[in-house]
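**Student:** Below you will find the structure I want to go over with you.
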2 protein chains.
Amino acid sequence: MPKHIDLKKPILDKNDSMAQELRQRFADSGVYVLDLLAGPGSGKTSTILATIDALRDEFNIAVIEGDIASSVDAEKIKAQGTSAVQINTGGACHLESAMIKRAIDVLDLDRLDLIIIENVGNLVCPTDFDLGENAKAMILSVPEGHDKPLKYPGVFQVSDAVILNKADTMPVFNFDEEEFLSSVKQLNPNAPIFKISATKGDGVSAWTEWLADEIRQAQAGAVK
Amino acid sequence: MPKHIDLKKPILDKNDSMAQELRQRFADSGVYVLDLLAGPGSGKTSTILATIDALRDEFNIAVIEGDIASSVDAEKIKAQGTSAVQINTGGACHLESAMIKRAIDVLDLDRLDLIIIENVGNLVCPTDFDLGENAKAMILSVPEGHDKPLKYPGVFQVSDAVILNKADTMPVFNFDEEEFLSSVKQLNPNAPIFKISATKGDGVSAWTEWLADEIRQAQAGAVK
């Protein structure tokens, strides 16, 4: 698809230069930014809620919710007492740095330690877009199937951490954990893989301890 | 996102005019074309396998598989004894009519009654692209959650039929069937909704009987 890439290039270049500005702004304010990617219904919002629960005593957290339409996710986050800004992309299948720039206008960056960006539910489009984040993490849920790394290699390659959610439903589905882990390691040998059940809490602490370490390191000056 | 729409318009116009050519070619050959949309891991391939099983005695069927990468789905279809053409989009999150035009070069259209196109696993990108199909159908699977019509309204609006797959896993997930059905009916009052379990076979016959009727009507001359 060379035609596609030509059309996308100027958009990506513009996006990346604004993302660099954002990255500097986040570093200056000492706020760590996580861009969370996943397909629809893999449990992004539940994972964010569990992450906030684990980290809220140590860190001040805000969430930016990206959706094609609706504000149901932002409402769930707010109901838990955390600031949430909803971005509706109006059809676009990913967030761009310009949208993040507008969204953070309403946040007090200096007061925050962590911003979690819930990207649009999509395993394809968001992978190309730098949002000025410190790290991208991705979620695959067990019901989606163990063959997804083969079919959506890009998102597994760009992610700094991989979360396997709804792990408690493995007995219900025909999920080959060994094959999944080996495919992910082939695509991305360095990313840690966390097996969790976000709604039940299983395995969440390994993920949140990893994230807390990343935040502490960034705040100690080792900003990516 | 007006900038986005401007960039997409020439691509869409070019896509649509080629889709019209394809539609005429399909009609001339008496082949009915179904474009099947869904997110990753919702059971598109399993639904196609169950559909072929139910309809292969009456109709000659071929499948066009769209994926970012890999040919695992086409191999599953071929293992069942059905012709399958794999399209790898190389990063693009949807199929376009030009890709379908190349794919059908290897198919004998006059010998076929039904082509099922398995689009790229994505609830957003494929909705805008006419592939010359007679109908679009979409699958949502229970583990993805009952709130998806609110978050991805476009795909529910463009679909001529909605399949709710993995219905047997409702007890495992917190799926509010009533809310799901009412959201779908608000977005698309005319689309029939089929509750199925593709791998177990439950409910599949209602879906395949609907599809068989559509094919018979189209072949009788009432081409869309």
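Chains: A, B, ... in order of the structure tokens. Residues: from 1 per chain. Ligands: from 1, in order shown.
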I need the strand (DSSP E or B) residues of stretch 2-154 of chain B per DSSP on the backbone, written as an MDAnalysis selection string.
**Tutor:** chainID B and resid 32:38 61:67 83:88 114:118 135:141
**Student:** Which chain B residues have any atom within 9 Å of an atom of chain A, and for each, what is the nearest pair of atoms with distance in Å to one decimal, counting only C-alpha atoms, rows sorted by chain and number, as JSON lines?
**Tutor:**
```
{"residue": "B:Met1", "atom": "CA", "partner": "A:Gly90", "partner_atom": "CA", "distance": 6.9}
{"residue": "B:His4", "atom": "CA", "partner": "A:Ala92", "partner_atom": "CA", "distance": 7.9}
{"residue": "B:Leu7", "atom": "CA", "partner": "A:Leu7", "partner_atom": "CA", "distance": 7.8}
{"residue": "B:Gly39", "atom": "CA", "partner": "A:Pro40", "partner_atom": "CA", "distance": 6.6}
{"residue": "B:Pro40", "atom": "CA", "partner": "A:Glu144", "partner_atom": "CA", "distance": 6.3}
{"residue": "B:Gly41", "atom": "CA", "partner": "A:Glu144", "partner_atom": "CA", "distance": 3.8}
{"residue": "B:Ser42", "atom": "CA", "partner": "A:Glu144", "partner_atom": "CA", "distance": 6.4}
{"residue": "B:Gly43", "atom": "CA", "partner": "A:Glu144", "partner_atom": "CA", "distance": 8.2}
{"residue": "B:Asp67", "atom": "CA", "partner": "A:Lys151", "partner_atom": "CA", "distance": 6.5}
{"residue": "B:Ile68", "atom": "CA", "partner": "A:Lys151", "partner_atom": "CA", "distance": 6.2}
{"residue": "B:Ala69", "atom": "CA", "partner": "A:Lys151", "partner_atom": "CA", "distance": 5.2}
{"residue": "B:Ser70", "atom": "CA", "partner": "A:Lys151", "partner_atom": "CA", "distance": 5.8}
{"residue": "B:Ser71", "atom": "CA", "partner": "A:Lys151", "partner_atom": "CA", "distance": 8.4}
{"residue": "B:Val72", "atom": "CA", "partner": "A:Lys151", "partner_atom": "CA", "distance": 8.3}
{"residue": "B:Thr89", "atom": "CA", "partner": "A:Met1", "partner_atom": "CA", "distance": 7.3}
{"residue": "B:Gly90", "atom": "CA", "partner": "A:Met1", "partner_atom": "CA", "distance": 6.9}
{"residue": "B:Gly91", "atom": "CA", "partner": "A:Val124", "partner_atom": "CA", "distance": 7.4}
{"residue": "B:Ala92", "atom": "CA", "partner": "A:Met1", "partner_atom": "CA", "distance": 7.6}
{"residue": "B:Cys93", "atom": "CA", "partner": "A:Val124", "partner_atom": "CA", "distance": 6.0}
{"residue": "B:Gly121", "atom": "CA", "partner": "A:Leu123", "partner_atom": "CA", "distance": 8.2}
{"residue": "B:Asn122", "atom": "CA", "partner": "A:Asn122", "partner_atom": "CA", "distance": 6.4}
{"residue": "B:Leu123", "atom": "CA", "partner": "A:Asn122", "partner_atom": "CA", "distance": 7.5}
{"residue": "B:Val124", "atom": "CA", "partner": "A:Cys93", "partner_atom": "CA", "distance": 6.0}
{"residue": "B:Cys125", "atom": "CA", "partner": "A:Cys93", "partner_atom": "CA", "distance": 6.8}
{"residue": "B:Ser141", "atom": "CA", "partner": "A:Pro143", "partner_atom": "CA", "distance": 9.0}
{"residue": "B:Pro143", "atom": "CA", "partner": "A:Pro143", "partner_atom": "CA", "distance": 6.6}
{"residue": "B:Glu144", "atom": "CA", "partner": "A:Gly41", "partner_atom": "CA", "distance": 3.7}
{"residue": "B:Gly145", "atom": "CA", "partner": "A:Gly41", "partner_atom": "CA", "distance": 5.8}
{"residue": "B:Asp147", "atom": "CA", "partner": "A:Val72", "partner_atom": "CA", "distance": 8.5}
{"residue": "B:Lys148", "atom": "CA", "partner": "A:Gly41", "partner_atom": "CA", "distance": 7.6}
{"residue": "B:Leu150", "atom": "CA", "partner": "A:Ser70", "partner_atom": "CA", "distance": 6.2}
{"residue": "B:Lys151", "atom": "CA", "partner": "A:Ala69", "partner_atom": "CA", "distance": 5.2}
{"residue": "B:Tyr152", "atom": "CA", "partner": "A:Ile68", "partner_atom": "CA", "distance": 6.3}
{"residue": "B:Pro153", "atom": "CA", "partner": "A:Ala69", "partner_atom": "CA", "distance": 7.5}
{"residue": "B:Gly154", "atom": "CA", "partner": "A:Gly91", "partner_atom": "CA", "distance": 8.0}
{"residue": "B:Thr169", "atom": "CA", "partner": "A:Val172", "partner_atom": "CA", "distance": 7.8}
{"residue": "B:Val172", "atom": "CA", "partner": "A:Thr169", "partner_atom": "CA", "distance": 7.8}
```
**Student:** Please provide the set of residues having any atom within 10 Å of B:Ile139, restricted to only C-alpha atoms, with same-chain residues fewer than 4 positions apart removed, written as an MDAnalysis selection string.
**Tutor:** chainID B and resid 36:39 42:44 47 123 155:156 159 161:166 193:196
**Student:** Restricted to N, CA and C atoms, what would the selected residues look like written as a tab-separated table (two decimals), in the first residue's frame?
**Tutor:**
```tsv
chain	number	residue	atom	x	y	z
B	36	LEU	N	-18.10	-9.23	5.79
B	36	LEU	CA	-18.28	-9.54	7.21
B	36	LEU	C	-17.31	-8.71	8.07
B	37	LEU	N	-17.87	-7.89	8.95
B	37	LEU	CA	-17.09	-6.96	9.77
B	37	LEU	C	-17.13	-7.38	11.23
B	38	ALA	N	-16.04	-7.14	11.95
B	38	ALA	CA	-16.01	-7.42	13.40
B	38	ALA	C	-14.67	-6.98	13.96
B	39	GLY	N	-14.60	-6.86	15.26
B	39	GLY	CA	-13.33	-6.58	15.92
B	39	GLY	C	-12.46	-7.84	15.95
B	42	SER	N	-13.55	-11.87	17.49
B	42	SER	CA	-14.97	-12.01	17.80
B	42	SER	C	-15.55	-13.28	17.18
B	43	GLY	N	-14.72	-14.00	16.42
B	43	GLY	CA	-15.19	-15.27	15.86
B	43	GLY	C	-15.63	-15.19	14.41
B	44	LYS	N	-15.00	-14.32	13.64
B	44	LYS	CA	-15.36	-14.21	12.22
B	44	LYS	C	-15.09	-15.53	11.49
B	47	THR	N	-17.44	-18.28	12.50
B	47	THR	CA	-18.78	-18.05	11.95
B	47	THR	C	-18.81	-18.40	10.47
B	123	LEU	N	-13.44	-2.53	14.24
B	123	LEU	CA	-14.83	-2.05	14.30
B	123	LEU	C	-14.99	-0.65	13.70
B	155	VAL	N	-20.43	1.03	12.72
B	155	VAL	CA	-20.46	-0.33	12.17
B	155	VAL	C	-21.83	-0.97	12.37
B	156	PHE	N	-22.51	-0.62	13.48
B	156	PHE	CA	-23.86	-1.14	13.68
B	156	PHE	C	-24.85	-0.51	12.69
B	159	SER	N	-24.52	-2.07	8.94
B	159	SER	CA	-24.67	-3.52	8.77
B	159	SER	C	-26.11	-3.91	8.46
B	161	ALA	N	-27.12	-7.00	8.83
B	161	ALA	CA	-27.47	-8.02	9.83
B	161	ALA	C	-26.42	-7.94	10.94
B	162	VAL	N	-26.86	-8.21	12.16
B	162	VAL	CA	-25.95	-8.16	13.31
B	162	VAL	C	-25.95	-9.54	13.97
B	163	ILE	N	-24.74	-10.09	14.14
B	163	ILE	CA	-24.60	-11.41	14.79
B	163	ILE	C	-23.98	-11.19	16.17
B	164	LEU	N	-24.61	-11.74	17.19
B	164	LEU	CA	-24.04	-11.72	18.54
B	164	LEU	C	-23.46	-13.11	18.80
B	165	ASN	N	-22.13	-13.20	18.76
B	165	ASN	CA	-21.47	-14.50	18.84
B	165	ASN	C	-21.00	-14.82	20.28
B	166	LYS	N	-20.60	-16.06	20.50
B	166	LYS	CA	-20.16	-16.55	21.80
B	166	LYS	C	-21.27	-16.35	22.85
B	193	ILE	N	-31.12	-9.42	14.19
B	193	ILE	CA	-30.04	-9.72	15.13
B	193	ILE	C	-30.06	-11.23	15.40
B	194	PHE	N	-28.92	-11.89	15.20
B	194	PHE	CA	-28.84	-13.33	15.39
B	194	PHE	C	-27.90	-13.65	16.55
B	195	LYS	N	-28.43	-14.35	17.52
B	195	LYS	CA	-27.65	-14.74	18.70
B	195	LYS	C	-27.13	-16.14	18.45
B	196	ILE	N	-25.81	-16.29	18.34
B	196	ILE	CA	-25.28	-17.60	17.97
B	196	ILE	C	-24.09	-18.00	18.86
```
**Student:** Please indicate the distance in Å from atom CA of A:Trp207 to atom CA of A:Ala191, rounded to one decimal place.
**Tutor:**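 Interatomic distance, atom CA of A:Trp207 to atom CA of A:Ala191: 11.9 Å.
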**Student:** Using DSSP secondary structure from the backbone, list all alpha helix (DSSP H) positions within stretch 25-218 of chain B, as an MDAnalysis selection string.
**Tutor:** chainID B and resid 25:29 44:55 72:79 97:103 148:151 153:158 177:187 204:218
**Student:** Would you list the contacts of A:Asn134 as a PyMOL selection string, taking every protein, DNA or RNA residue within 10 Å and counting only C-alpha atoms, but skipping same-chain residues closer than 6 positions in sequence?
**Tutor:** chain A and resi 23+26-27+31-35+160+214-215+218+223-224
**Student:** Take the residues that were just selected and, keeping N, CA, C and O atoms, output them as a PDB file, in the first residue's frame.
**Tutor:**
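Ended up saving to selection.pdb:
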```
ATOM      1  N   ARG A  23       5.926  15.692  24.898  1.00  0.00           N
ATOM      2  CA  ARG A  23       6.848  14.891  25.712  1.00  0.00           C
ATOM      3  C   ARG A  23       7.699  15.799  26.607  1.00  0.00           C
ATOM      4  O   ARG A  23       7.919  15.512  27.788  1.00  0.00           O
ATOM      5  N   PHE A  26       5.450  17.195  29.363  1.00  0.00           N
ATOM      6  CA  PHE A  26       5.194  16.187  30.395  1.00  0.00           C
ATOM      7  C   PHE A  26       6.433  16.041  31.293  1.00  0.00           C
ATOM      8  O   PHE A  26       6.325  15.982  32.522  1.00  0.00           O
ATOM      9  N   ALA A  27       7.626  15.999  30.669  1.00  0.00           N
ATOM     10  CA  ALA A  27       8.866  15.835  31.442  1.00  0.00           C
ATOM     11  C   ALA A  27       9.071  17.035  32.365  1.00  0.00           C
ATOM     12  O   ALA A  27       9.430  16.873  33.540  1.00  0.00           O
ATOM     13  N   VAL A  31       5.325  14.530  34.914  1.00  0.00           N
ATOM     14  CA  VAL A  31       4.193  13.613  34.799  1.00  0.00           C
ATOM     15  C   VAL A  31       4.543  12.503  33.799  1.00  0.00           C
ATOM     16  O   VAL A  31       5.092  12.756  32.723  1.00  0.00           O
ATOM     17  N   TYR A  32       4.264  11.283  34.218  1.00  0.00           N
ATOM     18  CA  TYR A  32       4.519  10.104  33.384  1.00  0.00           C
ATOM     19  C   TYR A  32       3.237   9.802  32.607  1.00  0.00           C
ATOM     20  O   TYR A  32       2.147   9.808  33.171  1.00  0.00           O
ATOM     21  N   VAL A  33       3.386   9.522  31.296  1.00  0.00           N
ATOM     22  CA  VAL A  33       2.202   9.302  30.453  1.00  0.00           C
ATOM     23  C   VAL A  33       2.244   7.900  29.842  1.00  0.00           C
ATOM     24  O   VAL A  33       3.239   7.501  29.241  1.00  0.00           O
ATOM     25  N   LEU A  34       1.157   7.177  30.052  1.00  0.00           N
ATOM     26  CA  LEU A  34       1.023   5.821  29.515  1.00  0.00           C
ATOM     27  C   LEU A  34      -0.061   5.813  28.446  1.00  0.00           C
ATOM     28  O   LEU A  34      -1.184   6.257  28.698  1.00  0.00           O
ATOM     29  N   ASP A  35       0.275   5.318  27.256  1.00  0.00           N
ATOM     30  CA  ASP A  35      -0.705   5.180  26.164  1.00  0.00           C
ATOM     31  C   ASP A  35      -1.131   3.712  26.123  1.00  0.00           C
ATOM     32  O   ASP A  35      -0.318   2.833  25.848  1.00  0.00           O
ATOM     33  N   ASP A 160       5.591  -1.408  25.133  1.00  0.00           N
ATOM     34  CA  ASP A 160       6.638  -1.602  26.138  1.00  0.00           C
ATOM     35  C   ASP A 160       6.232  -2.635  27.186  1.00  0.00           C
ATOM     36  O   ASP A 160       7.066  -3.105  27.960  1.00  0.00           O
ATOM     37  N   GLU A 214       8.440   2.307  36.769  1.00  0.00           N
ATOM     38  CA  GLU A 214       8.691   3.144  35.589  1.00  0.00           C
ATOM     39  C   GLU A 214       8.452   4.619  35.917  1.00  0.00           C
ATOM     40  O   GLU A 214       9.208   5.498  35.507  1.00  0.00           O
ATOM     41  N   ILE A 215       7.386   4.881  36.662  1.00  0.00           N
ATOM     42  CA  ILE A 215       7.060   6.271  37.010  1.00  0.00           C
ATOM     43  C   ILE A 215       8.150   6.851  37.912  1.00  0.00           C
ATOM     44  O   ILE A 215       8.641   7.957  37.692  1.00  0.00           O
ATOM     45  N   ALA A 218      11.239   7.623  35.931  1.00  0.00           N
ATOM     46  CA  ALA A 218      11.077   8.805  35.082  1.00  0.00           C
ATOM     47  C   ALA A 218      11.148  10.068  35.941  1.00  0.00           C
ATOM     48  O   ALA A 218      11.789  11.055  35.572  1.00  0.00           O
ATOM     49  N   VAL A 223      14.082  10.296  32.264  1.00  0.00           N
ATOM     50  CA  VAL A 223      12.957  10.375  31.333  1.00  0.00           C
ATOM     51  C   VAL A 223      13.374   9.827  29.981  1.00  0.00           C
ATOM     52  O   VAL A 223      14.447  10.151  29.487  1.00  0.00           O
ATOM     53  N   LYS A 224      12.527   8.980  29.441  1.00  0.00           N
ATOM     54  CA  LYS A 224      12.774   8.347  28.131  1.00  0.00           C
ATOM     55  C   LYS A 224      13.003   9.424  27.073  1.00  0.00           C
ATOM     56  O   LYS A 224      12.226  10.335  26.914  1.00  0.00           O
TER      57      LYS A 224
END
```
**Student:** Could you jot down the atom CA of B:Asp13 to atom CA of A:Thr127 separation for me, Å, one decimal place?
**Tutor:**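 Atom CA of B:Asp13 sits 26.4 Å away from atom CA of A:Thr127.
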**Student:** Need the shell around A:Val106: protein/DNA/RNA residues with any atom at most 12 Å away, counting only C-alpha atoms. Skip same-chain ones fewer than 4 positions apart. Format as a list of chain:residue names?
**Tutor:**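 In the requested format, the answer is A:Ala62, A:Val63, A:Ile64, A:Ser83, A:Ala84, A:Val85, A:Gln86, A:Ile100, A:Lys101, A:Arg102.
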**Student:** Would you write out, as JSON lines, a table of all residues in stretch 74-142 of chain B that have an atom no more than 7 Å from an atom of stretch 17-21 of chain B, listing for each the closest atom pair and the distance in Å to one decimal, considering only C-alpha atoms and ordering rows by chain and rising residue number?
**Tutor:**
```
{"residue": "B:Ser97", "atom": "CA", "partner": "B:Ala19", "partner_atom": "CA", "distance": 5.4}
{"residue": "B:Ala98", "atom": "CA", "partner": "B:Met18", "partner_atom": "CA", "distance": 6.9}
{"residue": "B:Asp130", "atom": "CA", "partner": "B:Ala19", "partner_atom": "CA", "distance": 5.9}
{"residue": "B:Leu131", "atom": "CA", "partner": "B:Ala19", "partner_atom": "CA", "distance": 5.0}
{"residue": "B:Gly132", "atom": "CA", "partner": "B:Ala19", "partner_atom": "CA", "distance": 4.3}
```
**Student:** Could you tell me how far atom CA of B:Leu95 sits from atom CA of B:Ile115, in Å to one decimal place?
**Tutor:**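 Distance reported for this atom pair: 14.6 Å.
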